[in-house]
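K.L.:
One file is attached below, input.cif, containing mmCIF, C-alpha atoms.
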```cif
data_target
#
loop_
_atom_site.label_atom_id
_atom_site.label_comp_id
_atom_site.auth_asym_id
_atom_site.auth_seq_id
_atom_site.Cartn_x
_atom_site.Cartn_y
_atom_site.Cartn_z
CA MET A 4 -18.84 -7.66 -1.08
CA ASN A 5 -17.13 -5.83 -3.93
CA ARG A 6 -13.38 -6.02 -4.57
CA ARG A 7 -12.60 -2.68 -2.94
CA ASP A 8 -14.44 -3.62 0.26
CA LEU A 9 -12.76 -7.01 0.26
CA LEU A 10 -9.29 -5.48 -0.04
CA ALA A 11 -10.09 -3.11 2.80
CA THR A 12 -10.64 -6.06 5.14
CA LEU A 13 -7.33 -7.73 4.32
CA PRO A 14 -3.97 -7.16 6.03
CA ALA A 15 -1.29 -5.39 4.00
CA SER A 16 0.51 -8.60 3.07
CA ALA A 17 -2.76 -10.15 1.92
CA VAL A 18 -3.64 -7.06 -0.10
CA ALA A 19 -0.31 -7.29 -1.90
CA SER A 20 -0.85 -11.01 -2.45
CA ARG A 21 -4.35 -10.43 -3.78
CA LEU A 22 -3.10 -7.77 -6.19
CA LEU A 23 -0.28 -10.04 -7.30
CA ALA A 24 -2.59 -13.02 -7.73
CA GLU A 25 -5.28 -11.27 -9.78
CA ASP A 26 -5.17 -12.83 -13.24
CA LYS A 27 -8.31 -11.41 -14.85
CA PRO A 28 -7.89 -7.65 -14.80
CA ALA A 29 -10.68 -5.34 -15.89
CA PRO A 30 -10.43 -3.53 -19.23
CA GLY A 31 -7.68 -0.94 -19.09
CA LYS A 32 -6.04 -2.75 -16.21
CA ILE A 33 -3.18 -5.22 -16.02
CA ALA A 34 -2.47 -7.87 -13.43
CA VAL A 35 0.33 -7.16 -10.98
CA GLY A 36 2.44 -10.29 -11.15
CA PRO A 37 5.10 -11.98 -9.01
CA ASN A 38 7.78 -10.67 -11.36
CA ASP A 39 6.80 -7.03 -10.84
CA TRP A 40 8.00 -4.26 -8.49
CA PRO A 41 4.89 -2.07 -8.16
CA TRP A 42 5.89 0.51 -5.54
CA TRP A 43 8.60 1.85 -3.21
CA ARG A 44 10.66 -0.97 -1.65
CA GLY A 45 8.97 -3.67 -3.69
CA PRO A 46 5.94 -5.96 -3.38
CA THR A 47 6.31 -6.49 0.37
CA ARG A 48 7.36 -2.86 1.02
CA ASP A 49 10.54 -3.89 2.85
CA GLY A 50 13.25 -3.99 0.18
CA VAL A 51 13.09 -7.79 -0.12
CA ALA A 52 12.82 -9.07 -3.69
CA PRO A 53 11.17 -12.42 -4.47
CA ALA A 54 13.60 -15.31 -4.88
CA GLN A 55 15.13 -15.19 -8.37
CA LYS A 56 18.36 -15.68 -10.25
CA ILE A 57 20.23 -12.46 -11.01
CA PRO A 58 23.76 -11.74 -12.19
CA LEU A 59 26.16 -10.91 -9.38
CA GLU A 60 28.64 -9.19 -11.69
CA TRP A 61 28.06 -6.53 -14.34
CA ALA A 62 29.67 -3.55 -16.07
CA ALA A 63 28.93 -1.31 -19.05
CA ASP A 64 30.07 -4.14 -21.35
CA LYS A 65 28.86 -7.06 -19.25
CA ASN A 66 25.30 -8.26 -18.53
CA VAL A 67 23.65 -5.00 -19.58
CA LEU A 68 20.53 -5.92 -21.55
CA TRP A 69 19.59 -2.34 -22.43
CA GLU A 70 20.09 1.25 -21.40
CA ALA A 71 17.74 4.18 -21.90
CA PRO A 72 18.27 7.93 -21.53
CA VAL A 73 16.21 9.66 -18.82
CA SER A 74 15.50 13.35 -19.24
CA GLY A 75 16.30 15.79 -16.47
CA ARG A 76 17.18 14.71 -12.98
CA GLY A 77 15.49 12.51 -10.40
CA HIS A 78 16.36 10.29 -7.47
CA GLY A 79 13.14 8.28 -7.32
CA ALA A 80 13.47 4.56 -8.04
CA ALA A 81 11.90 2.83 -11.03
CA ILE A 82 8.85 0.61 -10.66
CA VAL A 83 8.08 -2.28 -13.00
CA ILE A 84 4.63 -3.64 -13.81
CA GLY A 85 3.56 -5.78 -16.74
CA GLY A 86 5.52 -4.61 -19.78
CA ARG A 87 6.19 -1.15 -18.35
CA VAL A 88 8.93 0.56 -16.39
CA LEU A 89 7.91 3.86 -14.79
CA LEU A 90 9.92 6.57 -13.06
CA ALA A 91 9.52 10.21 -12.07
CA THR A 92 11.52 12.92 -13.83
CA ALA A 93 12.16 16.64 -13.45
CA ASP A 94 13.79 18.96 -15.96
CA GLU A 95 15.38 21.92 -14.20
CA LYS A 96 15.63 24.01 -17.37
CA THR A 97 12.02 23.74 -18.50
CA GLU A 98 10.71 23.22 -14.96
CA VAL A 99 8.68 20.18 -15.99
CA GLN A 100 7.85 17.35 -13.59
CA GLY A 101 6.40 14.17 -15.00
CA LEU A 102 6.43 10.42 -15.40
CA LEU A 103 8.45 8.49 -17.96
CA CYS A 104 7.29 5.08 -19.21
CA LEU A 105 9.68 2.64 -20.90
CA ASP A 106 9.22 -0.75 -22.49
CA ARG A 107 10.35 -3.39 -20.03
CA ASN A 108 11.97 -5.62 -22.64
CA THR A 109 13.76 -3.04 -24.77
CA GLY A 110 13.98 0.25 -22.84
CA LYS A 111 12.12 2.01 -25.68
CA HIS A 112 10.34 5.20 -24.61
CA LEU A 113 6.59 4.58 -24.64
CA TRP A 114 5.37 7.90 -23.24
CA HIS A 115 6.26 10.87 -21.09
CA ALA A 116 3.43 12.51 -19.15
CA GLU A 117 3.86 16.13 -18.12
CA ILE A 118 2.30 16.67 -14.70
CA HIS A 119 3.55 20.11 -13.62
CA ARG A 120 5.18 22.93 -15.59
CA GLY A 121 6.88 25.84 -13.84
CA ASN A 122 6.70 26.91 -10.20
CA PHE A 123 9.75 24.97 -9.01
CA THR A 124 10.74 25.77 -5.44
CA LYS A 125 14.52 25.98 -5.56
CA ALA A 126 15.66 28.13 -2.64
CA GLY A 127 16.86 25.94 0.20
CA ILE A 128 16.83 22.62 -1.65
CA ASN A 129 19.60 20.23 -0.64
CA ALA A 130 22.22 19.42 -3.27
CA LYS A 131 21.36 15.72 -2.92
CA SER A 132 17.66 16.36 -3.44
CA THR A 133 15.75 16.75 -6.71
CA HIS A 134 12.31 17.80 -7.87
CA ALA A 135 11.58 14.12 -8.65
CA SER A 136 12.76 12.17 -5.62
CA SER A 137 9.55 10.18 -5.04
CA THR A 138 8.99 6.66 -6.34
CA PRO A 139 5.67 6.02 -8.15
CA ALA A 140 3.16 3.35 -7.12
CA CYS A 141 0.91 1.32 -9.42
CA ASP A 142 -2.12 -0.86 -8.64
CA GLY A 143 -2.44 -2.26 -12.17
CA GLU A 144 -5.02 0.34 -13.20
CA ARG A 145 -3.50 3.69 -12.28
CA VAL A 146 -0.02 4.97 -11.50
CA TYR A 147 0.39 7.46 -8.65
CA ILE A 148 3.10 10.01 -7.94
CA ASN A 149 3.76 12.82 -5.44
CA PHE A 150 5.46 16.09 -6.37
CA LEU A 151 6.28 19.30 -4.56
CA ASN A 152 5.26 22.14 -6.87
CA ASN A 153 4.20 25.75 -6.36
CA GLY A 154 4.64 25.48 -2.60
CA ALA A 155 2.36 22.48 -2.17
CA VAL A 156 2.52 18.68 -2.24
CA THR A 157 0.24 17.24 -4.91
CA ALA A 158 -0.75 13.62 -5.55
CA THR A 159 -1.55 12.69 -9.15
CA ALA A 160 -3.07 9.59 -10.72
CA LEU A 161 -2.57 8.66 -14.38
CA ASP A 162 -3.88 5.72 -16.35
CA LEU A 163 -1.42 3.23 -17.82
CA ASP A 164 -1.21 5.23 -21.04
CA GLY A 165 -0.14 8.37 -19.18
CA LYS A 166 -3.52 10.12 -19.33
CA PRO A 167 -4.57 12.12 -16.24
CA VAL A 168 -7.23 10.60 -13.99
CA TRP A 169 -7.20 12.92 -10.98
CA GLN A 170 -4.97 15.35 -9.13
CA THR A 171 -5.30 16.39 -5.47
CA LYS A 172 -3.48 19.10 -3.56
CA VAL A 173 -2.59 17.39 -0.30
CA THR A 174 -1.23 20.37 1.63
CA ASP A 175 0.96 23.45 1.48
CA TYR A 176 4.63 22.68 2.05
CA THR A 177 7.46 24.74 3.53
CA LEU A 178 10.68 23.58 1.88
CA HIS A 179 13.61 22.75 4.16
CA GLN A 180 15.87 20.42 2.17
CA GLY A 181 13.55 18.78 -0.30
CA PHE A 182 10.59 16.45 -0.70
CA GLY A 183 10.80 12.74 -1.44
CA SER A 184 7.99 10.88 0.30
CA SER A 185 6.55 8.13 -1.91
CA PRO A 186 2.84 7.22 -2.10
CA THR A 187 1.61 3.96 -0.58
CA VAL A 188 -1.23 1.89 -2.07
CA TYR A 189 -3.35 0.24 0.63
CA GLY A 190 -6.74 -1.33 -0.10
CA PRO A 191 -8.98 1.43 -1.52
CA LEU A 192 -6.63 4.20 -0.41
CA LEU A 193 -3.51 6.07 -1.45
CA LEU A 194 -1.54 7.08 1.65
CA VAL A 195 0.46 10.29 1.37
CA THR A 196 2.59 12.18 3.88
CA ALA A 197 3.93 15.72 3.69
CA ASP A 198 5.78 16.50 6.92
CA ASN A 199 7.38 19.95 6.85
CA LYS A 200 8.60 22.75 9.09
CA GLY A 201 5.56 24.92 8.40
CA ASP A 202 2.11 24.64 9.96
CA SER A 203 0.79 22.39 7.20
CA GLY A 204 2.34 18.98 7.93
CA LEU A 205 -0.20 16.31 7.03
CA LEU A 206 -0.67 12.56 6.69
CA ALA A 207 -3.63 11.67 4.49
CA GLY A 208 -5.59 8.81 3.03
CA LEU A 209 -7.03 9.52 -0.44
CA ASP A 210 -9.57 7.45 -2.36
CA ARG A 211 -7.40 6.03 -5.10
CA THR A 212 -10.27 5.99 -7.60
CA THR A 213 -11.22 9.65 -7.23
CA GLY A 214 -8.42 11.33 -5.24
CA LYS A 215 -10.92 12.58 -2.67
CA LEU A 216 -9.74 12.97 0.91
CA VAL A 217 -10.95 10.11 3.13
CA TRP A 218 -9.04 11.00 6.30
CA SER A 219 -6.19 13.25 7.41
CA ARG A 220 -4.03 13.74 10.47
CA LYS A 221 -2.18 16.89 11.42
CA ARG A 222 1.54 16.44 11.93
CA PRO A 223 4.04 18.35 14.13
CA LYS A 224 5.75 21.44 12.77
CA ALA A 225 9.06 19.81 11.78
CA PRO A 226 10.95 18.86 8.62
CA ASN A 227 10.83 15.13 7.87
CA TYR A 228 11.12 12.94 4.78
CA ALA A 229 9.86 9.42 5.59
CA SER A 230 7.25 7.61 3.50
CA PRO A 231 4.19 5.96 5.09
CA ILE A 232 4.69 2.20 5.45
CA VAL A 233 2.07 -0.40 6.40
CA VAL A 234 3.35 -3.38 8.41
CA THR A 235 1.36 -6.41 9.52
CA VAL A 236 1.90 -7.69 13.05
CA SER A 237 -0.17 -10.48 14.65
CA GLY A 238 -2.73 -10.15 11.87
CA LYS A 239 -3.19 -6.41 12.40
CA ASP A 240 -2.13 -3.73 9.96
CA GLN A 241 -0.37 -0.66 11.28
CA LEU A 242 0.51 2.42 9.27
CA ILE A 243 3.87 3.45 10.70
CA LEU A 244 5.42 6.86 10.21
CA ILE A 245 8.70 7.84 11.84
CA GLY A 246 10.21 11.28 12.39
CA CYS A 247 9.11 14.59 13.93
CA ASP A 248 10.54 13.09 17.16
CA LEU A 249 7.79 10.45 17.11
CA VAL A 250 6.96 6.93 16.06
CA THR A 251 3.29 6.92 15.08
CA SER A 252 1.01 3.92 14.48
CA LEU A 253 -2.38 4.44 12.85
CA ASP A 254 -5.17 2.37 11.37
CA PRO A 255 -4.38 2.84 7.66
CA LEU A 256 -8.05 2.83 6.61
CA THR A 257 -9.29 5.43 9.08
CA GLY A 258 -6.24 7.31 10.39
CA LYS A 259 -7.28 6.41 13.95
CA GLU A 260 -4.31 6.31 16.31
CA ASN A 261 -3.17 2.97 17.65
CA TRP A 262 -0.28 4.44 19.61
CA GLU A 263 2.36 7.15 19.46
CA LEU A 264 5.57 7.63 21.40
CA LYS A 265 8.86 9.46 21.35
CA GLY A 266 11.26 7.05 19.69
CA ALA A 267 12.75 8.72 16.63
CA THR A 268 14.68 11.85 15.80
CA THR A 269 13.25 14.94 14.13
CA GLU A 270 14.44 14.27 10.58
CA CYS A 271 14.12 10.73 9.23
CA VAL A 272 14.31 9.43 5.68
CA THR A 273 14.22 5.65 5.99
CA SER A 274 11.19 3.37 5.67
CA THR A 275 10.53 1.15 8.66
CA ILE A 276 10.42 -2.65 8.69
CA THR A 277 9.29 -5.16 11.29
CA ASP A 278 10.42 -8.50 12.71
CA GLY A 279 6.99 -9.06 14.24
CA LYS A 280 8.05 -7.76 17.64
CA HIS A 281 9.57 -4.40 16.76
CA VAL A 282 9.44 -1.70 14.14
CA PHE A 283 12.85 -0.26 13.37
CA THR A 284 13.53 3.45 13.12
CA SER A 285 16.64 5.34 12.11
CA GLY A 286 17.51 8.97 11.63
CA GLY A 287 20.30 11.50 11.45
CA TYR A 288 19.19 14.84 12.88
CA PRO A 289 19.59 16.20 15.50
CA LYS A 290 21.14 12.88 16.52
CA ASN A 291 22.12 9.63 14.86
CA HIS A 292 20.11 6.63 15.96
CA VAL A 293 18.87 3.15 15.14
CA ALA A 294 16.11 1.90 17.43
CA ALA A 295 13.79 -1.06 17.89
CA VAL A 296 10.34 0.11 19.01
CA LYS A 297 7.94 -2.47 20.44
CA VAL A 298 5.04 -3.02 18.06
CA ASP A 299 2.46 -2.39 20.78
CA GLY A 300 3.93 1.06 21.37
CA SER A 301 4.97 0.24 24.92
CA GLY A 302 8.51 1.53 24.50
CA VAL A 303 11.93 1.22 22.92
CA ALA A 304 13.57 -2.21 23.24
CA TRP A 305 17.05 -1.07 22.22
CA GLU A 306 18.83 1.84 20.60
CA ASN A 307 22.30 2.73 19.36
CA LYS A 308 23.98 5.81 17.88
CA SER A 309 24.71 4.49 14.38
CA ARG A 310 24.17 6.86 11.46
CA VAL A 311 21.73 5.14 9.11
CA TYR A 312 20.10 8.39 8.02
CA VAL A 313 19.06 7.87 4.40
CA PRO A 314 19.39 4.19 3.28
CA SER A 315 16.55 2.02 4.61
CA MET A 316 17.40 -1.22 6.42
CA LEU A 317 16.73 -4.90 5.69
CA LEU A 318 15.68 -7.92 7.75
CA ARG A 319 16.47 -11.59 7.23
CA ASP A 320 16.04 -14.46 9.69
CA GLY A 321 16.11 -12.38 12.85
CA HIS A 322 18.99 -10.15 11.75
CA LEU A 323 18.97 -6.50 10.80
CA TYR A 324 21.26 -5.39 7.96
CA ALA A 325 22.08 -1.78 7.21
CA VAL A 326 24.28 0.25 4.92
CA MET A 327 25.47 3.31 6.82
CA ASP A 328 25.66 6.63 5.03
CA GLU A 329 29.44 6.80 5.30
CA GLY A 330 29.96 3.42 3.62
CA ASN A 331 29.97 0.65 6.22
CA ALA A 332 27.71 -2.41 6.13
CA VAL A 333 26.57 -3.68 9.53
CA CYS A 334 24.60 -6.60 10.97
CA TRP A 335 22.71 -6.54 14.29
CA LYS A 336 20.54 -9.08 16.05
CA SER A 337 17.06 -7.68 15.62
CA ASP A 338 15.82 -8.65 19.10
CA THR A 339 18.73 -7.30 21.16
CA GLY A 340 20.62 -4.89 18.91
CA ALA A 341 23.87 -6.77 19.47
CA GLU A 342 26.34 -5.93 16.69
CA LEU A 343 27.61 -9.08 14.99
CA TRP A 344 29.89 -7.51 12.39
CA LYS A 345 30.74 -4.34 10.51
CA GLY A 346 32.43 -4.30 7.10
CA ARG A 347 33.78 -1.53 4.90
CA LEU A 348 32.21 -0.98 1.50
CA GLY A 349 33.31 2.42 0.24
CA GLY A 350 32.00 5.82 -0.69
CA THR A 351 28.84 7.53 0.54
CA PHE A 352 25.38 5.95 0.34
CA THR A 353 21.97 7.51 -0.27
CA ALA A 354 20.14 4.68 -2.07
CA SER A 355 18.51 1.91 -0.06
CA PRO A 356 19.85 -1.64 -0.42
CA VAL A 357 17.79 -4.54 -1.77
CA LEU A 358 17.83 -8.14 -0.53
CA VAL A 359 17.65 -10.92 -3.15
CA GLY A 360 17.86 -14.37 -1.61
CA GLU A 361 21.04 -14.34 0.46
CA HIS A 362 22.55 -11.36 -1.35
CA VAL A 363 22.33 -7.64 -0.55
CA LEU A 364 22.76 -5.12 -3.37
CA ALA A 365 23.87 -1.64 -2.27
CA ILE A 366 24.82 1.15 -4.68
CA ASN A 367 26.84 4.16 -3.54
CA GLU A 368 26.64 7.74 -4.80
CA ALA A 369 29.43 7.09 -7.32
CA GLY A 370 27.49 4.31 -9.09
CA ARG A 371 29.38 1.41 -7.53
CA THR A 372 27.16 -1.50 -6.47
CA TYR A 373 28.44 -3.79 -3.74
CA VAL A 374 27.02 -7.29 -3.44
CA PHE A 375 27.48 -8.94 -0.05
CA LYS A 376 25.85 -11.85 1.70
CA ALA A 377 23.19 -11.47 4.38
CA ASN A 378 25.19 -13.76 6.63
CA PRO A 379 25.16 -13.03 10.37
CA LYS A 380 28.43 -14.90 10.93
CA GLU A 381 30.72 -12.65 8.91
CA PHE A 382 30.95 -9.84 6.39
CA ASP A 383 31.21 -11.59 3.03
CA LEU A 384 31.70 -9.25 0.07
CA VAL A 385 30.88 -11.04 -3.19
CA SER A 386 31.47 -8.44 -5.92
CA GLU A 387 31.82 -4.77 -6.85
CA ASN A 388 30.18 -3.48 -10.03
CA GLN A 389 30.42 -0.06 -11.67
CA LEU A 390 27.85 1.66 -13.88
CA GLY A 391 27.86 5.39 -14.48
CA SER A 392 29.48 7.91 -12.18
CA GLU A 393 26.61 9.00 -9.92
CA ALA A 394 23.67 7.19 -8.31
CA PHE A 395 21.09 8.20 -5.72
CA ALA A 396 18.10 6.03 -6.70
CA SER A 397 17.57 2.64 -5.08
CA PRO A 398 17.87 -0.50 -7.22
CA THR A 399 14.77 -2.28 -8.49
CA VAL A 400 15.00 -6.07 -8.77
CA CYS A 401 12.35 -8.25 -10.39
CA GLY A 402 11.96 -10.89 -13.07
CA GLY A 403 15.65 -11.78 -12.91
CA ARG A 404 16.68 -8.23 -13.80
CA ILE A 405 18.18 -5.29 -11.95
CA TYR A 406 17.15 -1.75 -12.91
CA LEU A 407 19.66 0.93 -11.98
CA ARG A 408 19.05 4.66 -12.38
CA VAL A 409 22.45 6.34 -12.66
CA ALA A 410 24.05 9.38 -14.27
CA VAL A 411 26.89 9.21 -16.78
CA LYS A 412 29.28 11.83 -18.07
CA GLN A 413 28.37 12.35 -21.69
CA ASN A 414 29.38 15.05 -24.21
CA GLY A 415 30.82 17.16 -21.43
CA GLY A 416 27.61 17.05 -19.43
CA ARG A 417 25.51 14.88 -17.15
CA GLN A 418 22.99 12.41 -18.58
CA GLU A 419 20.75 10.20 -16.49
CA LYS A 420 20.17 6.67 -17.74
CA LEU A 421 18.25 3.61 -16.67
CA PHE A 422 20.24 0.41 -17.07
CA CYS A 423 18.61 -2.99 -17.22
CA VAL A 424 21.02 -5.66 -15.94
CA GLY A 425 20.43 -9.36 -16.55
CA GLU A 426 22.23 -12.51 -17.51
CA LYS A 427 23.13 -12.64 -21.20
#
```
Take the structure in this file and express it as structure tokens.
P.N.:
Amino acid sequence: MNRRDLLATLPASAVASRLLAEDKPAPGKIAVGPNDWPWWRGPTRDGVAPAQKIPLEWAADKNVLWEAPVSGRGHGAAIVIGGRVLLATADEKTEVQGLLCLDRNTGKHLWHAEIHRGNFTKAGINAKSTHASSTPACDGERVYINFLNNGAVTATALDLDGKPVWQTKVTDYTLHQGFGSSPTVYGPLLLVTADNKGDSGLLAGLDRTTGKLVWSRKRPKAPNYASPIVVTVSGKDQLILIGCDLVTSLDPLTGKENWELKGATTECVTSTITDGKHVFTSGGYPKNHVAAVKVDGSGVAWENKSRVYVPSMLLRDGHLYAVMDEGNAVCWKSDTGAELWKGRLGGTFTASPVLVGEHVLAINEAGRTYVFKANPKEFDLVSENQLGSEAFASPTVCGGRIYLRVAVKQNGGRQEKLFCVGEK
């Protein structure tokens, strides 16, 4: 059995472990290690960083190891693999979408790969959206990114030096507020979703070596922004997609439906997580909701009317932690939905929080990161840390460092930067 076939037989957690454990990469490939953050929401796809020591306090003049300018504008998070940091960018003036690669240790620019030039779709885009709101994914051999360009969603694969490998038009796309779904690496496939209010909504599995379509599934005619997430429950992998008024579970290798039920709102942004008994959905239009859907698709165990529209949630030891859009942190019991506490942070939140050990890191739209404990007994705020004046991208935490994509006011204008925070 070759490596691709072997990975296809493994559950998602095992696939990630196998990728992380590989120590003899092929030529042109690097091993994905335990100190890397290779895709959206980290190695385990749930916003939980491996146990590590990180600073809990920082500022422009404290615990910043390096900072690097980022051209244009983008809200996608950075990924980190080997000696590279990668993030999507979009320049509104030149209408160029691409990937930027920085040196992990110094922040030095290694390369910038232009993927699309021109054909930006601007009419109707939300002020909080950008033309580079997706987070890349990397399997150690290729880096993958989704962009909306020229009225269509396109998936692109580059090698680790920024050279093109393949590009596939996934589907036409009718813009409502923006596009920000991130690609998901699973076994031999790249999973891509492009829900939209036109007739072309699609969820697809592409061969990640060639970009060829392996399977696809038509989606309802509705705007939606969630990324495909694979969760493992009782040894079985389920590709979960929320939104379009549905919670959908598919076999990630074939696209075959496991189950589907009404259990989410029309427009969702968050990425689901599981406690082994439920998958958790949240959305903000046409109603606010947080819900626990039974993993066998038999129904909704509990639901409330909290507005957790954009920031994805976190799980730790049977408790669900969320940062609400309007600036409150909240803790629920994951099995019953009972609220244990709610605490005020401040500002408005778009970025998703990250869990590191017992600490949650949550950055608001003004660049202020709140660190509080994932403690079900009480709201325990540890620190508040300011970098820049605007932030929409989620933090990346690996190897004892925190990577924060923020914007600063510079020379009378706006300049995006990536800050690398670590203990000095």
K.L.:
With a distance cut-off of 9 Å and all atoms listed in the file, select the neighbouring residues of Thr171 in chain A, excluding the residue or stretch itself and same-chain residues fewer than 4 positions from it, and output the selection as a list in words.
P.N.:
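In the requested form, the answer reads Val156, Thr157, Ala158, Thr159, Ala160, Leu209, Gly214, Lys215 and Leu216 of chain A.
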K.L.:
To one decimal place, how far is CA of Tyr373 in chain A from CA of Ala354 in chain A in Å?
P.N.:
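Between these atoms lies a distance of 12.0 Å.
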K.L.:
For Phe422 in chain A, which residue among A:Asn66, A:Gln170, A:Thr277, A:Ser301 is the nearest when counting all atoms listed in the file?
P.N.:
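For Phe422 in chain A, the nearest of the given residues is A:Asn66.
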K.L.:
Hey, what's within 10 Å of Ala71 in chain A if we count all atoms listed in the file and toss same-chain stuff fewer than 5 positions away? As a ChimeraX atom specification, please?
P.N.:
/A:105-106,109-112,408,419-423
K.L.:
If we draw a sphere of 8 Å around (21.2, 7.9, 5.9), which residues have at least one atom in it when counting only C-alpha atoms? Please report them as a PyMOL selection string.
P.N.:
chain A and resi 272-273+286-287+310-315+327-328+352-353
K.L.:
What does the distance from CA of Asn261 in chain A to CA of Ser203 in chain A come to in Å, to one decimal?
P.N.:
22.4 Å
K.L.:
Can you work out the spacing between CA of Gly321 in chain A and CA of Gly402 in chain A in Å, to one decimal?
P.N.:
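Going from CA of Gly321 in chain A over to CA of Gly402 in chain A covers 26.3 Å.
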K.L.:
For Asp64 in chain A, find every residue with an atom within 12 Å (counting only C-alpha atoms), except residues of its own chain fewer than 3 positions away, and show them as a PyMOL selection string.
P.N.:
chain A and resi 60-61+67-70+388-391+422+424-425+427
K.L.:
Keeping only C-alpha atoms, write those residues as an mmCIF file, keeping the file's coordinate frame.
P.N.:
```cif
data_model
loop_
_atom_site.group_PDB
_atom_site.id
_atom_site.type_symbol
_atom_site.label_atom_id
_atom_site.label_comp_id
_atom_site.auth_asym_id
_atom_site.auth_seq_id
_atom_site.Cartn_x
_atom_site.Cartn_y
_atom_site.Cartn_z
ATOM 1 C CA GLU A 60 28.640 -9.190 -11.690
ATOM 2 C CA TRP A 61 28.060 -6.530 -14.340
ATOM 3 C CA VAL A 67 23.650 -5.000 -19.580
ATOM 4 C CA LEU A 68 20.530 -5.920 -21.550
ATOM 5 C CA TRP A 69 19.590 -2.340 -22.430
ATOM 6 C CA GLU A 70 20.090 1.250 -21.400
ATOM 7 C CA ASN A 388 30.180 -3.480 -10.030
ATOM 8 C CA GLN A 389 30.420 -0.060 -11.670
ATOM 9 C CA LEU A 390 27.850 1.660 -13.880
ATOM 10 C CA GLY A 391 27.860 5.390 -14.480
ATOM 11 C CA PHE A 422 20.240 0.410 -17.070
ATOM 12 C CA VAL A 424 21.020 -5.660 -15.940
ATOM 13 C CA GLY A 425 20.430 -9.360 -16.550
ATOM 14 C CA LYS A 427 23.130 -12.640 -21.200
#
```
K.L.:
Convert the output of the PyMOL selection byres ((chain A and resi 254) around 10) on the shown file into explicit residues, formatted as a list in words.
P.N.:
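Selected by the PyMOL selection byres ((chain A and resi 254) around 10) in this file: Val233, Lys239, Asp240, Gln241, Leu242, Ile243, Ser252, Leu253, Pro255, Leu256, Thr257, Gly258, Lys259, Glu260, Asn261 and Trp262 of chain A.
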K.L.:
Between A:Ala410, A:Leu343, A:Trp114, A:Pro398, single out the one closest to Pro72 in chain A, counting all atoms listed in the file.
P.N.:
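Result for the nearest residue to Pro72 in chain A: A:Ala410.
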